[in-house]
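The block underneath contains the structure these notes are about, expressed in structure tokens.
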Amino acid sequence: MINIANKSLAILNSKAPYGTTAGKDALDIALIFGSFEQDVSLFFQGDGVWQLINSQDGEIISVRDYLKTFSAFEFYDIENIYVNKTSLTERNLTNNFHIKEVQVLSQSEFSKKLTSHQTVLRF
Amino acid sequence: MPFLNFMKQRYFVKKIAVIITTPPFSNLTVTALNYIETALNTGVEIIGVFFYQDAVLNASSHIRLANDEYQTTQQWLKLHNKYQLPLHLCVTAAEKRGLTDCNSVQLIANSFTISGLGELVELNNKADTVVQF
């Protein structure tokens, strides 16, 4: 049914995790593409970097903690996770992420990686 | 349409898939509609439109926009009828916003097909370019 042409998809996350459902909507797309064995990479910039920061619990403010699902990425073969270093620095955040295999990239490396994908979706 | 065919051969016309994420009362949806109509008028193939997030509201048959506003819902219907434009609705996003395939009341306009994110995977693979609004 699915033609496995396998184009690479980049999902660009730029929103903080709890104010909107953007992060969850992006995650759903990532997992579906992963389960269809498509090539997916995740990018985090701007307030989107908050989605990667450790020791958060959405349940305290009654948000289903979708960030926990990030730990399932390896089972979906989602291995390319990039975060913008400038966005972290601007928010005084360190590389204290709740998942492994996050690659911190400079602004130029980040945009170079992003534009190497055939499709970019932003949330 | 010999001229159009000539243009197609000359400038490899692409297959485009479009993702809409904005509601029917957003001007961003109007931008998307103008983009799609121009593409179709020029002979570009739009293989499908996928409605995600608040864009699923575009499929509601109960949306009433003020008369002096741009009628996005009618425009979707027009493009669907004129060009057989496939309009796919993300079922999860739709149900979250009260749009279900209900037997007694028609909530979703006939021009829309209820699909899932798997359809987005397929559109992404079939299209040369995916454009998100």
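Lettering and numbering for the structure tokens are positional, with chains as A, B, ... in the shown order, residues counted from 1 in each chain, and ligands counted from 1 in the shown order.
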For this session: Return as a list in words the residues belonging to chain B that are within 9 Å of chain A, counting only C-alpha atoms.
Result: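 Listed by rising number, the hits are Ile19, Tyr52, Gln53, Ala93, Leu117, Gly118, Leu120, Val121, Glu122, Asn124, Asn125, Lys126, Asp128, Thr129, Val130, Val131 and Gln132 of chain B.
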For this session: Would you kindly return, as number ranges by chain, each protein, DNA or RNA residue with an atom no farther than 12 Å from any atom of Ser108 in chain A, considering only C-alpha atoms and excluding same-chain residues fewer than 3 positions away?
Result: A: 83-86, 104-105, 111-115
Using only N, CA and C atoms, please write the residues we just selected to a file, as a PDB file, in the first residue's frame.
ATOM      1  N   VAL A  83      19.213  19.724  18.313  1.00  0.00           N
ATOM      2  CA  VAL A  83      18.758  20.900  19.051  1.00  0.00           C
ATOM      3  C   VAL A  83      19.679  22.077  18.731  1.00  0.00           C
ATOM      4  N   ASN A  84      19.066  23.241  18.644  1.00  0.00           N
ATOM      5  CA  ASN A  84      19.796  24.458  18.304  1.00  0.00           C
ATOM      6  C   ASN A  84      20.499  25.014  19.550  1.00  0.00           C
ATOM      7  N   LYS A  85      21.829  25.085  19.487  1.00  0.00           N
ATOM      8  CA  LYS A  85      22.637  25.523  20.633  1.00  0.00           C
ATOM      9  C   LYS A  85      22.302  26.965  21.034  1.00  0.00           C
ATOM     10  N   THR A  86      22.106  27.820  20.054  1.00  0.00           N
ATOM     11  CA  THR A  86      21.798  29.232  20.332  1.00  0.00           C
ATOM     12  C   THR A  86      20.509  29.347  21.149  1.00  0.00           C
ATOM     13  N   VAL A 104      23.575  18.504  19.824  1.00  0.00           N
ATOM     14  CA  VAL A 104      23.515  19.965  19.921  1.00  0.00           C
ATOM     15  C   VAL A 104      24.297  20.551  18.744  1.00  0.00           C
ATOM     16  N   LEU A 105      23.621  21.362  17.940  1.00  0.00           N
ATOM     17  CA  LEU A 105      24.260  21.919  16.749  1.00  0.00           C
ATOM     18  C   LEU A 105      24.274  23.448  16.795  1.00  0.00           C
ATOM     19  N   SER A 111      20.797  24.632  10.557  1.00  0.00           N
ATOM     20  CA  SER A 111      20.049  24.964   9.337  1.00  0.00           C
ATOM     21  C   SER A 111      20.514  24.118   8.156  1.00  0.00           C
ATOM     22  N   LYS A 112      21.806  23.783   8.143  1.00  0.00           N
ATOM     23  CA  LYS A 112      22.344  22.941   7.069  1.00  0.00           C
ATOM     24  C   LYS A 112      21.691  21.554   7.114  1.00  0.00           C
ATOM     25  N   LYS A 113      21.619  20.998   8.332  1.00  0.00           N
ATOM     26  CA  LYS A 113      20.988  19.687   8.526  1.00  0.00           C
ATOM     27  C   LYS A 113      19.511  19.734   8.124  1.00  0.00           C
ATOM     28  N   LEU A 114      18.830  20.797   8.561  1.00  0.00           N
ATOM     29  CA  LEU A 114      17.394  20.934   8.305  1.00  0.00           C
ATOM     30  C   LEU A 114      17.110  20.958   6.807  1.00  0.00           C
ATOM     31  N   THR A 115      17.867  21.749   6.091  1.00  0.00           N
ATOM     32  CA  THR A 115      17.595  21.903   4.655  1.00  0.00           C
ATOM     33  C   THR A 115      18.072  20.711   3.833  1.00  0.00           C
TER      34      THR A 115
END
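Inside chain A, the residues DSSP reads as strand (DSSP E) when given the backbone are A:Ser8, A:Leu9, A:Ala10, A:Ile11, A:Leu12, A:Asn13, A:Asp39, A:Val40, A:Ser41, A:Leu42, A:Phe43, A:Phe44, A:Asn80, A:Ile81, A:Tyr82, A:Val83, A:Asn84, A:Val102, A:Gln103, A:Val104, A:Leu105, A:Thr119, A:Val120, A:Leu121, A:Arg122.
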Exercise. With only C-alpha atoms as the basis for distance, which of A:Ser116, A:Tyr18, A:Trp50, A:Thr89 is at the shortest distance from Asp65 in chain A?
Worked result: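 Of A:Ser116, A:Tyr18, A:Trp50, A:Thr89, the one nearest Asp65 in chain A, counting only C-alpha atoms, is A:Tyr18.
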For this session: Return as an NGL selection string the full set of residues in range 27-114 of chain A whose backbone-based DSSP assignment is helix (DSSP H, G or I).
Result: :A and (27-35 or 46-52 or 58-61 or 66-76 or 85-90 or 107-114)
Exercise. Excluding same-chain residues fewer than 3 positions from Ile81 in chain A, what lies within 7 Å of it counting only C-alpha atoms, as a list in words?
Worked result: Ser41, Leu42, Phe43, Glu101, Val102 and Gln103 of chain A
Exercise. In Å to one decimal, how far is CA of Pro23 in chain B from CA of Leu57 in chain B?
Worked result: 5.8 Å
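The space separating CA of Val49 in chain A from CA of Ile99 in chain A comes to 12.5 Å.
Residues with any atom within 7 Å of Gln51 in chain A, counting only C-alpha atoms and excluding same-chain neighbours fewer than 4 positions away, are Ala16, Pro17 and Leu67 of chain A.
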Residues of the last selection are to be written out with N, CA and C atoms, as a short mmCIF file (atom, residue, chain, number, x, y, z; two decimals), in the first residue's frame.
data_model
loop_
_atom_site.label_atom_id
_atom_site.label_comp_id
_atom_site.auth_asym_id
_atom_site.auth_seq_id
_atom_site.Cartn_x
_atom_site.Cartn_y
_atom_site.Cartn_z
N ALA A 16 6.89 25.63 23.14
CA ALA A 16 7.06 25.04 24.46
C ALA A 16 6.03 23.92 24.65
N PRO A 17 6.33 22.94 25.51
CA PRO A 17 5.53 21.71 25.54
C PRO A 17 4.08 21.82 26.02
N LEU A 67 5.90 13.89 26.73
CA LEU A 67 7.36 13.91 26.61
C LEU A 67 7.97 12.56 26.97
#
Problem set entry | Spatial neighbours of range 26-32 of chain B, max dist 12 Å, only C-alpha atoms, sep filter under 6 positions, as a list of chain:residue names |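 Near range 26-32 of chain B, the qualifying residues are B:Ala17, B:Val18, B:Ile19, B:Ile20, B:Thr38, B:Ala39, B:Val49, B:Phe50, B:Phe51, B:Asp54, B:Ala55, B:Val56, B:Leu57, B:Asn58, B:Leu65, B:Glu69, B:Tyr70, B:Gln71, B:Thr72, B:Thr73, B:Gln74, B:Gln75, B:Trp76, B:Val131, B:Gln132, B:Phe133.
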Exercise. Of the candidates B:Ser61, B:Asn67, B:Asn34, B:Thr42, which shows the shortest atom-to-atom distance to Leu107 in chain B, using only C-alpha atoms?
Worked result: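 Counting only C-alpha atoms, the residue closest to Leu107 in chain B is B:Ser61.
Here CA of Ala10 in chain A and CA of Glu37 in chain B stand 26.7 Å from one another.
Using only C-alpha atoms, the protein and nucleic acid residues lying no more than 10 Å from Asn110 in chain B, apart from those fewer than 2 places from it along its own chain, are Ala59, Ser60, Ser61, Leu77, Leu87, Gln106, Leu107, Ile108, Phe112, Thr113 and Ile114 of chain B.
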Selected residues, N, CA and C atoms, written as a compact mmCIF listing (two decimals), in the first residue's frame, please.
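Result file is part22.txt:
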# COMPACT_ATOMS: atom_id res chain seq x y z
N ALA B 59 -13.69 21.15 7.56
CA ALA B 59 -14.58 20.11 7.04
C ALA B 59 -15.97 20.14 7.68
N SER B 60 -16.13 20.97 8.70
CA SER B 60 -17.42 21.02 9.39
C SER B 60 -18.51 21.59 8.49
N SER B 61 -19.64 20.88 8.42
CA SER B 61 -20.74 21.39 7.60
C SER B 61 -21.59 22.39 8.38
N LEU B 77 -15.10 23.37 -1.28
CA LEU B 77 -16.08 22.59 -2.03
C LEU B 77 -15.92 22.85 -3.53
N LEU B 87 -9.50 15.80 -0.47
CA LEU B 87 -9.39 16.52 0.80
C LEU B 87 -9.41 15.49 1.93
N GLN B 106 -25.35 15.08 9.86
CA GLN B 106 -24.14 15.17 9.04
C GLN B 106 -23.24 16.29 9.56
N LEU B 107 -22.10 15.91 10.10
CA LEU B 107 -21.19 16.89 10.69
C LEU B 107 -20.07 17.24 9.73
N ILE B 108 -19.67 16.26 8.91
CA ILE B 108 -18.53 16.46 8.02
C ILE B 108 -19.02 16.61 6.58
N PHE B 112 -15.07 15.92 1.94
CA PHE B 112 -13.90 15.51 2.71
C PHE B 112 -13.88 14.01 2.96
N THR B 113 -12.69 13.42 2.91
CA THR B 113 -12.51 12.01 3.20
C THR B 113 -11.88 11.88 4.58
N ILE B 114 -12.41 10.98 5.39
CA ILE B 114 -11.81 10.77 6.71
C ILE B 114 -10.62 9.84 6.56
8 Å contact set for Leu85 in chain B, only C-alpha atoms, chain neighbours under 5 positions out, as a PDB file with N, CA and C atoms, in the first residue's frame:
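Okay, result-v7.pdb is ready:
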ATOM      1  N   ILE B  46      -2.027  18.795  -7.833  1.00  0.00           N
ATOM      2  CA  ILE B  46      -2.095  18.729  -6.360  1.00  0.00           C
ATOM      3  C   ILE B  46      -2.644  17.343  -6.045  1.00  0.00           C
ATOM      4  N   ILE B  47      -1.792  16.465  -5.503  1.00  0.00           N
ATOM      5  CA  ILE B  47      -2.226  15.079  -5.318  1.00  0.00           C
ATOM      6  C   ILE B  47      -3.131  14.906  -4.100  1.00  0.00           C
ATOM      7  N   GLY B  48      -3.135  15.895  -3.225  1.00  0.00           N
ATOM      8  CA  GLY B  48      -4.032  15.824  -2.083  1.00  0.00           C
ATOM      9  C   GLY B  48      -3.772  16.936  -1.091  1.00  0.00           C
ATOM     10  N   VAL B  49      -4.822  17.227  -0.306  1.00  0.00           N
ATOM     11  CA  VAL B  49      -4.697  18.217   0.756  1.00  0.00           C
ATOM     12  C   VAL B  49      -4.982  17.479   2.058  1.00  0.00           C
ATOM     13  N   LEU B  79     -13.229  23.880  -5.191  1.00  0.00           N
ATOM     14  CA  LEU B  79     -12.001  23.271  -5.718  1.00  0.00           C
ATOM     15  C   LEU B  79     -12.130  21.757  -5.827  1.00  0.00           C
ATOM     16  N   HIS B  80     -12.811  21.162  -4.829  1.00  0.00           N
ATOM     17  CA  HIS B  80     -13.017  19.715  -4.832  1.00  0.00           C
ATOM     18  C   HIS B  80     -13.855  19.299  -6.039  1.00  0.00           C
TER      19      HIS B  80
END
